[in-house]
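For reference, start_17.csv is printed below; it contains CSV, C-alpha atoms.
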```
chain,number,residue,atom,x,y,z
A,1,MET,CA,-4.7,24.4,3.1
A,2,ALA,CA,-2.6,21.2,2.7
A,3,TYR,CA,-3.5,18.0,4.5
A,4,ASP,CA,-1.2,16.7,7.2
A,5,LEU,CA,-0.1,13.1,6.7
A,6,TRP,CA,1.4,11.4,9.7
A,7,TYR,CA,3.5,8.3,9.2
A,8,TRP,CA,6.8,6.9,10.5
A,9,THR,CA,10.0,8.1,8.8
A,10,GLY,CA,12.1,5.0,8.3
A,11,ALA,CA,10.3,3.1,5.5
A,12,PRO,CA,7.5,3.7,2.9
A,13,GLY,CA,5.2,1.3,4.8
A,14,ARG,CA,1.5,1.8,4.7
A,15,GLY,CA,1.8,5.5,4.5
A,16,GLU,CA,3.1,5.1,0.9
A,17,PHE,CA,-0.3,3.9,-0.2
A,18,VAL,CA,-1.7,7.3,0.8
A,19,ARG,CA,1.2,9.2,-0.7
A,20,VAL,CA,0.8,7.7,-4.1
A,21,ALA,CA,-2.9,8.6,-4.2
A,22,LEU,CA,-2.2,12.1,-3.1
A,23,GLU,CA,0.7,12.5,-5.6
A,24,ALA,CA,-1.3,11.1,-8.5
A,25,ALA,CA,-4.1,13.5,-7.9
A,26,GLY,CA,-1.7,16.5,-7.3
A,27,VAL,CA,-3.2,17.1,-3.9
A,28,ASP,CA,-1.1,19.2,-1.5
A,29,TYR,CA,0.0,17.6,1.7
A,30,SER,CA,2.6,17.9,4.4
A,31,ASP,CA,4.5,14.7,5.3
A,32,ARG,CA,4.7,15.8,8.9
A,33,ALA,CA,7.0,13.3,10.6
A,34,ARG,CA,9.5,13.5,7.7
A,35,GLU,CA,9.4,17.3,8.0
A,36,ASP,CA,9.3,17.6,11.8
A,37,GLY,CA,10.8,14.3,13.0
A,38,SER,CA,9.5,11.1,14.4
A,39,GLN,CA,9.0,12.6,17.9
A,40,ALA,CA,6.5,15.0,16.5
A,41,LEU,CA,4.5,12.1,15.4
A,42,VAL,CA,4.7,10.4,18.8
A,43,ASP,CA,3.7,13.6,20.5
A,44,ASP,CA,0.8,14.3,18.1
A,45,LEU,CA,-0.6,10.7,18.6
A,46,GLU,CA,-0.2,10.8,22.4
A,47,GLU,CA,-2.0,14.1,22.6
A,48,ARG,CA,-5.1,12.6,21.0
A,49,SER,CA,-7.8,10.8,23.0
A,50,GLY,CA,-11.2,9.3,22.7
A,51,ILE,CA,-12.0,8.3,19.1
A,52,ARG,CA,-8.5,8.6,17.6
A,53,PRO,CA,-6.1,6.7,15.3
A,54,PHE,CA,-4.8,3.4,16.7
A,55,ALA,CA,-1.6,3.9,14.7
A,56,PRO,CA,-0.2,5.7,11.7
A,57,PRO,CA,-0.9,6.4,8.9
A,58,TYR,CA,-3.5,9.0,9.6
A,59,LEU,CA,-4.5,12.2,7.8
A,60,THR,CA,-5.7,15.4,9.3
A,61,ASP,CA,-7.6,18.3,7.8
A,62,GLY,CA,-8.4,20.9,10.4
A,63,ASP,CA,-10.5,19.1,13.1
A,64,ILE,CA,-10.9,16.0,10.9
A,65,CYS,CA,-8.6,13.1,11.7
A,66,ILE,CA,-8.9,9.7,10.0
A,67,ALA,CA,-6.7,6.6,10.0
A,68,GLN,CA,-6.5,3.3,8.1
A,69,VAL,CA,-5.3,3.3,4.5
A,70,ALA,CA,-8.5,2.1,2.9
A,71,HIS,CA,-10.5,4.7,4.8
A,72,ILE,CA,-8.1,7.6,4.0
A,73,VAL,CA,-7.8,6.9,0.3
A,74,THR,CA,-11.6,6.4,-0.1
A,75,TRP,CA,-12.3,9.7,1.6
A,76,LEU,CA,-9.7,11.5,-0.5
A,77,GLY,CA,-11.0,9.9,-3.6
A,78,ASP,CA,-14.6,11.1,-3.0
A,79,ARG,CA,-13.3,14.6,-2.2
A,80,HIS,CA,-10.9,14.9,-5.1
A,81,GLY,CA,-12.5,13.0,-8.0
A,82,PHE,CA,-10.7,9.7,-7.9
A,83,GLY,CA,-13.4,7.7,-6.2
A,84,GLY,CA,-16.2,5.7,-7.7
A,85,GLY,CA,-18.5,8.6,-8.5
A,86,ASP,CA,-21.7,6.6,-7.7
A,87,GLU,CA,-22.8,4.4,-4.9
A,88,ARG,CA,-22.3,1.0,-6.6
A,89,SER,CA,-18.8,1.9,-7.9
A,90,SER,CA,-17.8,3.4,-4.6
A,91,LEU,CA,-18.8,0.3,-2.7
A,92,GLU,CA,-16.9,-1.9,-5.2
A,93,LEU,CA,-13.8,0.2,-4.9
A,94,ILE,CA,-14.0,0.0,-1.1
A,95,MET,CA,-14.3,-3.8,-1.4
A,96,LEU,CA,-11.2,-4.0,-3.6
A,97,GLN,CA,-9.3,-1.6,-1.4
A,98,LEU,CA,-9.9,-3.7,1.7
A,99,THR,CA,-8.7,-6.7,-0.2
A,100,ILE,CA,-5.5,-4.9,-0.9
A,101,THR,CA,-5.3,-4.3,2.8
A,102,ASP,CA,-5.6,-8.0,3.3
A,103,ILE,CA,-2.7,-9.1,1.0
A,104,THR,CA,-0.5,-6.3,2.3
A,105,ALA,CA,-1.0,-7.6,5.8
A,106,GLU,CA,-0.2,-11.1,4.6
A,107,ALA,CA,3.0,-9.8,2.9
A,108,HIS,CA,4.0,-8.3,6.2
A,109,ASP,CA,3.3,-11.5,8.1
A,110,VAL,CA,5.6,-13.5,5.8
A,111,HIS,CA,8.6,-12.0,7.6
A,112,HIS,CA,6.9,-11.6,11.0
A,113,PRO,CA,4.7,-14.7,11.2
A,114,ILE,CA,4.9,-15.2,15.0
A,115,ALA,CA,5.0,-11.7,16.6
A,116,ASP,CA,5.7,-8.1,15.6
A,117,ALA,CA,7.8,-7.7,18.7
A,118,LEU,CA,10.3,-10.3,17.6
A,119,TYR,CA,13.1,-9.7,15.2
A,120,TYR,CA,13.0,-11.4,11.8
A,121,GLU,CA,16.0,-13.5,12.9
A,122,ASP,CA,14.0,-14.9,15.8
A,123,GLN,CA,11.3,-16.4,13.5
A,124,LYS,CA,13.2,-17.2,10.3
A,125,ASP,CA,12.2,-20.9,10.3
A,126,ALA,CA,8.5,-20.0,10.5
A,127,ALA,CA,8.9,-17.3,8.0
A,128,LYS,CA,10.3,-19.8,5.4
A,129,ARG,CA,7.2,-22.0,5.8
A,130,VAL,CA,4.8,-19.0,5.5
A,131,ALA,CA,6.7,-17.6,2.6
A,132,GLU,CA,6.3,-20.7,0.6
A,133,ASP,CA,2.5,-20.7,1.0
A,134,PHE,CA,2.3,-17.0,0.3
A,135,ARG,CA,4.3,-17.4,-2.9
A,136,GLU,CA,2.7,-20.5,-4.2
A,137,THR,CA,-0.9,-20.1,-3.0
A,138,ARG,CA,-1.8,-16.7,-1.7
A,139,MET,CA,-0.2,-14.4,-4.3
A,140,PRO,CA,-1.9,-16.2,-7.3
A,141,LYS,CA,-5.2,-16.3,-5.5
A,142,PHE,CA,-5.2,-12.5,-4.9
A,143,PHE,CA,-3.8,-11.8,-8.3
A,144,ARG,CA,-6.5,-13.8,-10.0
A,145,TYR,CA,-9.0,-11.8,-8.0
A,146,PHE,CA,-7.5,-8.4,-9.1
A,147,GLU,CA,-7.1,-9.6,-12.7
A,148,ASP,CA,-10.8,-10.4,-12.8
A,149,ALA,CA,-11.8,-7.0,-11.3
A,150,LEU,CA,-9.7,-5.3,-14.0
A,151,SER,CA,-11.6,-7.2,-16.6
A,152,ALA,CA,-15.0,-5.8,-15.6
A,153,ASN,CA,-14.6,-2.6,-17.6
A,154,HIS,CA,-12.8,-1.7,-20.8
A,155,GLY,CA,-9.7,0.2,-20.1
A,156,ARG,CA,-6.4,0.1,-18.1
A,157,PHE,CA,-8.0,0.8,-14.7
A,158,VAL,CA,-10.6,-0.8,-12.5
A,159,LEU,CA,-13.2,1.8,-13.6
A,160,GLY,CA,-12.0,1.7,-17.2
A,161,GLU,CA,-10.1,4.7,-18.5
A,162,LYS,CA,-10.5,6.7,-15.2
A,163,TRP,CA,-8.0,5.9,-12.5
A,164,SER,CA,-9.1,5.5,-8.9
A,165,HIS,CA,-7.5,5.0,-5.5
A,166,VAL,CA,-7.6,1.3,-6.1
A,167,ASP,CA,-5.3,1.6,-9.1
A,168,THR,CA,-2.7,3.6,-7.2
A,169,SER,CA,-2.9,1.0,-4.4
A,170,LEU,CA,-2.4,-1.8,-6.9
A,171,PHE,CA,0.6,0.0,-8.2
A,172,GLN,CA,2.1,0.2,-4.8
A,173,LEU,CA,1.3,-3.4,-4.1
A,174,VAL,CA,3.0,-4.6,-7.3
A,175,GLU,CA,6.0,-2.5,-6.6
A,176,GLY,CA,6.3,-3.8,-3.0
A,177,LEU,CA,6.0,-7.4,-4.1
A,178,ARG,CA,8.5,-6.9,-6.9
A,179,TYR,CA,10.9,-5.7,-4.2
A,180,ALA,CA,10.2,-8.4,-1.7
A,181,PHE,CA,9.8,-11.4,-4.1
A,182,PRO,CA,11.6,-10.5,-7.3
A,183,GLN,CA,12.0,-14.1,-8.5
A,184,ARG,CA,8.4,-15.0,-7.8
A,185,MET,CA,7.1,-11.9,-9.4
A,186,LYS,CA,9.2,-12.4,-12.5
A,187,ALA,CA,7.9,-15.9,-12.8
A,188,ILE,CA,4.2,-15.1,-12.5
A,189,GLU,CA,3.6,-11.6,-13.8
A,190,GLY,CA,2.9,-12.8,-17.3
A,191,ASP,CA,-0.1,-14.6,-16.0
A,192,TYR,CA,-1.8,-11.3,-15.0
A,193,PRO,CA,-1.4,-8.9,-17.9
A,194,LYS,CA,-4.2,-6.6,-16.8
A,195,LEU,CA,-2.8,-6.2,-13.3
A,196,ILE,CA,0.6,-5.3,-14.7
A,197,ALA,CA,-0.9,-3.0,-17.4
A,198,CYS,CA,-2.7,-1.2,-14.6
A,199,ARG,CA,0.5,-0.8,-12.7
A,200,ASP,CA,2.2,0.5,-15.8
A,201,ALA,CA,-0.6,3.0,-16.5
A,202,VAL,CA,-0.4,4.4,-13.0
A,203,ALA,CA,3.3,4.8,-13.4
A,204,GLN,CA,2.6,7.0,-16.4
A,205,LEU,CA,0.3,9.4,-14.7
A,206,ASP,CA,1.9,12.9,-14.6
A,207,GLY,CA,1.8,13.1,-10.8
A,208,ILE,CA,3.3,9.7,-10.3
A,209,LYS,CA,6.0,10.3,-12.9
A,210,ALA,CA,7.0,13.4,-11.1
A,211,TYR,CA,6.8,11.7,-7.7
A,212,LEU,CA,9.0,8.7,-8.7
A,213,ALA,CA,11.6,11.1,-10.0
A,214,SER,CA,11.7,13.1,-6.8
A,215,ASP,CA,13.4,12.7,-3.5
A,216,ARG,CA,9.9,12.3,-1.9
A,217,ARG,CA,9.7,8.7,-3.1
A,218,MET,CA,11.4,6.6,-0.4
A,219,ALA,CA,13.1,3.4,-1.3
A,220,PHE,CA,11.9,0.1,0.0
A,221,ASN,CA,14.0,-1.3,2.8
A,222,GLU,CA,14.0,-4.0,5.5
A,223,ASP,CA,12.2,-1.8,8.0
A,224,GLY,CA,8.9,-1.7,6.1
A,225,ILE,CA,6.0,-4.0,5.2
A,226,PHE,CA,7.7,-5.3,2.0
A,227,ARG,CA,11.1,-6.7,2.8
A,228,HIS,CA,13.5,-8.6,0.6
A,229,TYR,CA,15.1,-11.6,2.3
A,230,PRO,CA,16.5,-13.8,-0.4
A,231,GLU,CA,15.9,-17.0,1.5
A,232,LEU,CA,12.1,-16.2,1.4
A,233,ASP,CA,12.0,-15.8,-2.4
A,234,ALA,CA,11.8,-18.4,-5.1
A,235,ALA,CA,10.3,-18.7,-8.6
```
Is it possible to give me this structure as structure tokens?
Amino acid sequence: MAYDLWYWTGAPGRGEFVRVALEAAGVDYSDRAREDGSQALVDDLEERSGIRPFAPPYLTDGDICIAQVAHIVTWLGDRHGFGGGDERSSLELIMLQLTITDITAEAHDVHHPIADALYYEDQKDAAKRVAEDFRETRMPKFFRYFEDALSANHGRFVLGEKWSHVDTSLFQLVEGLRYAFPQRMKAIEGDYPKLIACRDAVAQLDGIKAYLASDRRMAFNEDGIFRHYPELDAA
């Protein structure tokens, strides 16, 4: 039976980190809100109580329901052979995955630095200040960290020649930042060859090639985490 993935319909968002892992592994899933409508997601979430997802994305498999991207992809990786394979490697992958969560949150906060409830236009001045620090300080700091992690083993991926959920998440991170900050990414990508090589290797996985060529791959837009506002970008 296929998994049910629940996420909003208007943008790739955090749900896309789960999708690329599922697609790379060739694991069947139903993208429920895209199939049944956003109200179906609202209804499903409101019907849950007790220990439940705080917000999408969340994944269900029968009575199992788990949320949070890092949690979902780690669980899937252990189930379907794209996890660490041993305790040390698994813990290291979780650490890296949670760091990807951190930079993803910071990328979102660039365009919403004051409050999620406010429109971008209501916080543009603050966004410009935050964007400069994110481009100049935070992106290189995170990229150096990932570059170092990718240097630990011989191969294109964090674990070497075997891809994991961290690699698919790094792929999505690079793609998102290329969309949001094209000038900055063009200027600094050459400093992080292993990170870009990892992104390129994930793009060549059979499942990802098929996914990118399909209508299941949703384009980035200004409703998601990674948004392109030209005034926030610079080399």
Pick out the residues sitting within 12 Å of Arg144 (chain A), and hand them over as a PyMOL selection string; count all atoms listed in the file, and ignore anything fewer than 2 positions along from it in its own chain.
chain A and resi 137-142+146-151+188-195
CA of Asp31 (chain A) to CA of Arg178 (chain A): how many Å, to one decimal?
25.1 Å
Closest to Gly15 (chain A) among A:Arg34, A:Pro182, A:Glu136, A:Glu231, using all atoms listed in the file?
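So, comparing all the options, the nearest one is A:Arg34.
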Leaving out His71 (chain A) and any residue of its chain fewer than 2 positions from it, which residues lie within 12 Å of it when counting all atoms listed in the file, given as a PyMOL selection string?
chain A and resi 17-18+53+57-59+65-69+73-78+83+90+93-95+97-98+101+165-166
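Interatomic distance, CA of Val130 (chain A) to CA of Pro113 (chain A): 7.1 Å.
Taking CA of Ala55 (chain A) and CA of Trp6 (chain A) as endpoints, the distance between them is 9.5 Å.
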Hey, what's within 12 Å of Arg14 (chain A) if we count all atoms listed in the file and toss same-chain stuff fewer than 5 positions away? As a ChimeraX atom specification, please?
/A:5-9,19-20,55-58,67-70,72-73,100-101,104-105,107-108,169,172-173,176,220,223-226
Can you write out the residues you just picked, keeping C-alpha atoms, as a PDB file, in the coordinates of the input?
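To be explicit, this is the file written out as selection.pdb:
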```pdb
ATOM      1  CA  LEU A   5      -0.100  13.100   6.700  1.00  0.00           C
ATOM      2  CA  TRP A   6       1.400  11.400   9.700  1.00  0.00           C
ATOM      3  CA  TYR A   7       3.500   8.300   9.200  1.00  0.00           C
ATOM      4  CA  TRP A   8       6.800   6.900  10.500  1.00  0.00           C
ATOM      5  CA  THR A   9      10.000   8.100   8.800  1.00  0.00           C
ATOM      6  CA  ARG A  19       1.200   9.200  -0.700  1.00  0.00           C
ATOM      7  CA  VAL A  20       0.800   7.700  -4.100  1.00  0.00           C
ATOM      8  CA  ALA A  55      -1.600   3.900  14.700  1.00  0.00           C
ATOM      9  CA  PRO A  56      -0.200   5.700  11.700  1.00  0.00           C
ATOM     10  CA  PRO A  57      -0.900   6.400   8.900  1.00  0.00           C
ATOM     11  CA  TYR A  58      -3.500   9.000   9.600  1.00  0.00           C
ATOM     12  CA  ALA A  67      -6.700   6.600  10.000  1.00  0.00           C
ATOM     13  CA  GLN A  68      -6.500   3.300   8.100  1.00  0.00           C
ATOM     14  CA  VAL A  69      -5.300   3.300   4.500  1.00  0.00           C
ATOM     15  CA  ALA A  70      -8.500   2.100   2.900  1.00  0.00           C
ATOM     16  CA  ILE A  72      -8.100   7.600   4.000  1.00  0.00           C
ATOM     17  CA  VAL A  73      -7.800   6.900   0.300  1.00  0.00           C
ATOM     18  CA  ILE A 100      -5.500  -4.900  -0.900  1.00  0.00           C
ATOM     19  CA  THR A 101      -5.300  -4.300   2.800  1.00  0.00           C
ATOM     20  CA  THR A 104      -0.500  -6.300   2.300  1.00  0.00           C
ATOM     21  CA  ALA A 105      -1.000  -7.600   5.800  1.00  0.00           C
ATOM     22  CA  ALA A 107       3.000  -9.800   2.900  1.00  0.00           C
ATOM     23  CA  HIS A 108       4.000  -8.300   6.200  1.00  0.00           C
ATOM     24  CA  SER A 169      -2.900   1.000  -4.400  1.00  0.00           C
ATOM     25  CA  GLN A 172       2.100   0.200  -4.800  1.00  0.00           C
ATOM     26  CA  LEU A 173       1.300  -3.400  -4.100  1.00  0.00           C
ATOM     27  CA  GLY A 176       6.300  -3.800  -3.000  1.00  0.00           C
ATOM     28  CA  PHE A 220      11.900   0.100   0.000  1.00  0.00           C
ATOM     29  CA  ASP A 223      12.200  -1.800   8.000  1.00  0.00           C
ATOM     30  CA  GLY A 224       8.900  -1.700   6.100  1.00  0.00           C
ATOM     31  CA  ILE A 225       6.000  -4.000   5.200  1.00  0.00           C
ATOM     32  CA  PHE A 226       7.700  -5.300   2.000  1.00  0.00           C
TER      33      PHE A 226
END
```
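Neighbours of Trp163 (chain A) closer than or equal to 9 Å, with all atoms listed in the file counted and sequence neighbours fewer than 6 positions away skipped, come out as Phe82, Gly83, Arg156, Phe157, Ala201 and Val202 of chain A.
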Kindly indicate which residue among A:Glu23, A:Glu46, A:Glu16, A:Asp233 lies nearest to Ile208 (chain A), using all atoms listed in the file for the distances.
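Looking at the shortest contact to Ile208 (chain A), the residue is A:Glu23.
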Could you give me, as a list in words, the residues within 8 Å of Asp200 (chain A), counting all atoms listed in the file and dropping anything in the same chain fewer than 4 positions from it?
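Non-adjacent residues within range: Phe171, Ile196 and Gln204 of chain A.
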Complete the atoms of region 25-57 of chain A to N, CA and C atoms and put them out as a PDB file, keeping the file's coordinate frame.
```pdb
ATOM      1  N   ALA A  25      -3.013  12.544  -7.725  1.00  0.00           N
ATOM      2  CA  ALA A  25      -4.100  13.500  -7.900  1.00  0.00           C
ATOM      3  C   ALA A  25      -3.551  14.968  -7.802  1.00  0.00           C
ATOM      4  N   GLY A  26      -2.267  15.146  -7.459  1.00  0.00           N
ATOM      5  CA  GLY A  26      -1.700  16.500  -7.300  1.00  0.00           C
ATOM      6  C   GLY A  26      -2.291  17.243  -6.149  1.00  0.00           C
ATOM      7  N   VAL A  27      -2.625  16.521  -5.089  1.00  0.00           N
ATOM      8  CA  VAL A  27      -3.200  17.100  -3.900  1.00  0.00           C
ATOM      9  C   VAL A  27      -2.077  17.523  -2.929  1.00  0.00           C
ATOM     10  N   ASP A  28      -2.100  18.747  -2.437  1.00  0.00           N
ATOM     11  CA  ASP A  28      -1.100  19.200  -1.500  1.00  0.00           C
ATOM     12  C   ASP A  28      -1.173  18.536  -0.169  1.00  0.00           C
ATOM     13  N   TYR A  29      -0.022  18.171   0.379  1.00  0.00           N
ATOM     14  CA  TYR A  29       0.000  17.600   1.700  1.00  0.00           C
ATOM     15  C   TYR A  29       1.366  17.833   2.335  1.00  0.00           C
ATOM     16  N   SER A  30       1.398  17.806   3.657  1.00  0.00           N
ATOM     17  CA  SER A  30       2.600  17.900   4.400  1.00  0.00           C
ATOM     18  C   SER A  30       2.904  16.516   5.019  1.00  0.00           C
ATOM     19  N   ASP A  31       4.085  15.980   4.772  1.00  0.00           N
ATOM     20  CA  ASP A  31       4.500  14.700   5.300  1.00  0.00           C
ATOM     21  C   ASP A  31       5.127  14.994   6.690  1.00  0.00           C
ATOM     22  N   ARG A  32       4.297  15.107   7.716  1.00  0.00           N
ATOM     23  CA  ARG A  32       4.700  15.800   8.900  1.00  0.00           C
ATOM     24  C   ARG A  32       5.881  15.182   9.661  1.00  0.00           C
ATOM     25  N   ALA A  33       5.905  13.859   9.818  1.00  0.00           N
ATOM     26  CA  ALA A  33       7.000  13.300  10.600  1.00  0.00           C
ATOM     27  C   ALA A  33       8.324  13.402   9.793  1.00  0.00           C
ATOM     28  N   ARG A  34       8.271  13.324   8.461  1.00  0.00           N
ATOM     29  CA  ARG A  34       9.500  13.500   7.700  1.00  0.00           C
ATOM     30  C   ARG A  34       9.972  14.953   7.734  1.00  0.00           C
ATOM     31  N   GLU A  35       9.041  15.878   7.934  1.00  0.00           N
ATOM     32  CA  GLU A  35       9.400  17.300   8.000  1.00  0.00           C
ATOM     33  C   GLU A  35       9.803  17.696   9.439  1.00  0.00           C
ATOM     34  N   ASP A  36       9.093  17.164  10.438  1.00  0.00           N
ATOM     35  CA  ASP A  36       9.300  17.600  11.800  1.00  0.00           C
ATOM     36  C   ASP A  36       9.942  16.603  12.724  1.00  0.00           C
ATOM     37  N   GLY A  37      10.138  15.368  12.232  1.00  0.00           N
ATOM     38  CA  GLY A  37      10.800  14.300  13.000  1.00  0.00           C
ATOM     39  C   GLY A  37       9.804  13.352  13.625  1.00  0.00           C
ATOM     40  N   SER A  38      10.309  12.172  13.919  1.00  0.00           N
ATOM     41  CA  SER A  38       9.500  11.100  14.400  1.00  0.00           C
ATOM     42  C   SER A  38       8.847  11.446  15.786  1.00  0.00           C
ATOM     43  N   GLN A  39       9.575  12.217  16.608  1.00  0.00           N
ATOM     44  CA  GLN A  39       9.000  12.600  17.900  1.00  0.00           C
ATOM     45  C   GLN A  39       7.778  13.426  17.785  1.00  0.00           C
ATOM     46  N   ALA A  40       7.718  14.228  16.729  1.00  0.00           N
ATOM     47  CA  ALA A  40       6.500  15.000  16.500  1.00  0.00           C
ATOM     48  C   ALA A  40       5.311  14.129  16.263  1.00  0.00           C
ATOM     49  N   LEU A  41       5.531  13.025  15.563  1.00  0.00           N
ATOM     50  CA  LEU A  41       4.500  12.100  15.400  1.00  0.00           C
ATOM     51  C   LEU A  41       4.037  11.429  16.674  1.00  0.00           C
ATOM     52  N   VAL A  42       5.002  10.999  17.457  1.00  0.00           N
ATOM     53  CA  VAL A  42       4.700  10.400  18.800  1.00  0.00           C
ATOM     54  C   VAL A  42       3.913  11.369  19.630  1.00  0.00           C
ATOM     55  N   ASP A  43       4.368  12.596  19.659  1.00  0.00           N
ATOM     56  CA  ASP A  43       3.700  13.600  20.500  1.00  0.00           C
ATOM     57  C   ASP A  43       2.278  13.858  20.004  1.00  0.00           C
ATOM     58  N   ASP A  44       2.106  13.986  18.683  1.00  0.00           N
ATOM     59  CA  ASP A  44       0.800  14.300  18.100  1.00  0.00           C
ATOM     60  C   ASP A  44      -0.184  13.119  18.469  1.00  0.00           C
ATOM     61  N   LEU A  45       0.285  11.886  18.308  1.00  0.00           N
ATOM     62  CA  LEU A  45      -0.600  10.700  18.600  1.00  0.00           C
ATOM     63  C   LEU A  45      -0.926  10.634  20.049  1.00  0.00           C
ATOM     64  N   GLU A  46       0.046  10.896  20.922  1.00  0.00           N
ATOM     65  CA  GLU A  46      -0.200  10.800  22.400  1.00  0.00           C
ATOM     66  C   GLU A  46      -1.118  11.878  22.881  1.00  0.00           C
ATOM     67  N   GLU A  47      -1.158  12.997  22.184  1.00  0.00           N
ATOM     68  CA  GLU A  47      -2.000  14.100  22.600  1.00  0.00           C
ATOM     69  C   GLU A  47      -3.498  13.831  22.271  1.00  0.00           C
ATOM     70  N   ARG A  48      -3.752  12.875  21.407  1.00  0.00           N
ATOM     71  CA  ARG A  48      -5.100  12.600  21.000  1.00  0.00           C
ATOM     72  C   ARG A  48      -5.766  11.602  21.975  1.00  0.00           C
ATOM     73  N   SER A  49      -7.080  11.700  22.120  1.00  0.00           N
ATOM     74  CA  SER A  49      -7.800  10.800  23.000  1.00  0.00           C
ATOM     75  C   SER A  49      -9.183  10.531  22.467  1.00  0.00           C
ATOM     76  N   GLY A  50      -9.907   9.648  23.132  1.00  0.00           N
ATOM     77  CA  GLY A  50     -11.200   9.300  22.700  1.00  0.00           C
ATOM     78  C   GLY A  50     -11.195   8.533  21.370  1.00  0.00           C
ATOM     79  N   ILE A  51     -11.991   8.918  20.418  1.00  0.00           N
ATOM     80  CA  ILE A  51     -12.000   8.300  19.100  1.00  0.00           C
ATOM     81  C   ILE A  51     -10.800   8.854  18.330  1.00  0.00           C
ATOM     82  N   ARG A  52      -9.770   8.076  18.173  1.00  0.00           N
ATOM     83  CA  ARG A  52      -8.500   8.600  17.600  1.00  0.00           C
ATOM     84  C   ARG A  52      -7.842   7.455  16.816  1.00  0.00           C
ATOM     85  N   PRO A  53      -6.810   7.766  16.052  1.00  0.00           N
ATOM     86  CA  PRO A  53      -6.100   6.700  15.300  1.00  0.00           C
ATOM     87  C   PRO A  53      -5.451   5.720  16.267  1.00  0.00           C
ATOM     88  N   PHE A  54      -5.538   4.459  15.913  1.00  0.00           N
ATOM     89  CA  PHE A  54      -4.800   3.400  16.700  1.00  0.00           C
ATOM     90  C   PHE A  54      -3.339   3.498  16.393  1.00  0.00           C
ATOM     91  N   ALA A  55      -3.014   3.789  15.136  1.00  0.00           N
ATOM     92  CA  ALA A  55      -1.600   3.900  14.700  1.00  0.00           C
ATOM     93  C   ALA A  55      -1.553   4.615  13.387  1.00  0.00           C
ATOM     94  N   PRO A  56      -0.387   5.137  13.017  1.00  0.00           N
ATOM     95  CA  PRO A  56      -0.200   5.700  11.700  1.00  0.00           C
ATOM     96  C   PRO A  56      -0.370   4.647  10.611  1.00  0.00           C
ATOM     97  N   PRO A  57      -0.693   5.037   9.371  1.00  0.00           N
ATOM     98  CA  PRO A  57      -0.900   6.400   8.900  1.00  0.00           C
ATOM     99  C   PRO A  57      -2.218   6.994   9.315  1.00  0.00           C
TER     100      PRO A  57
END
```
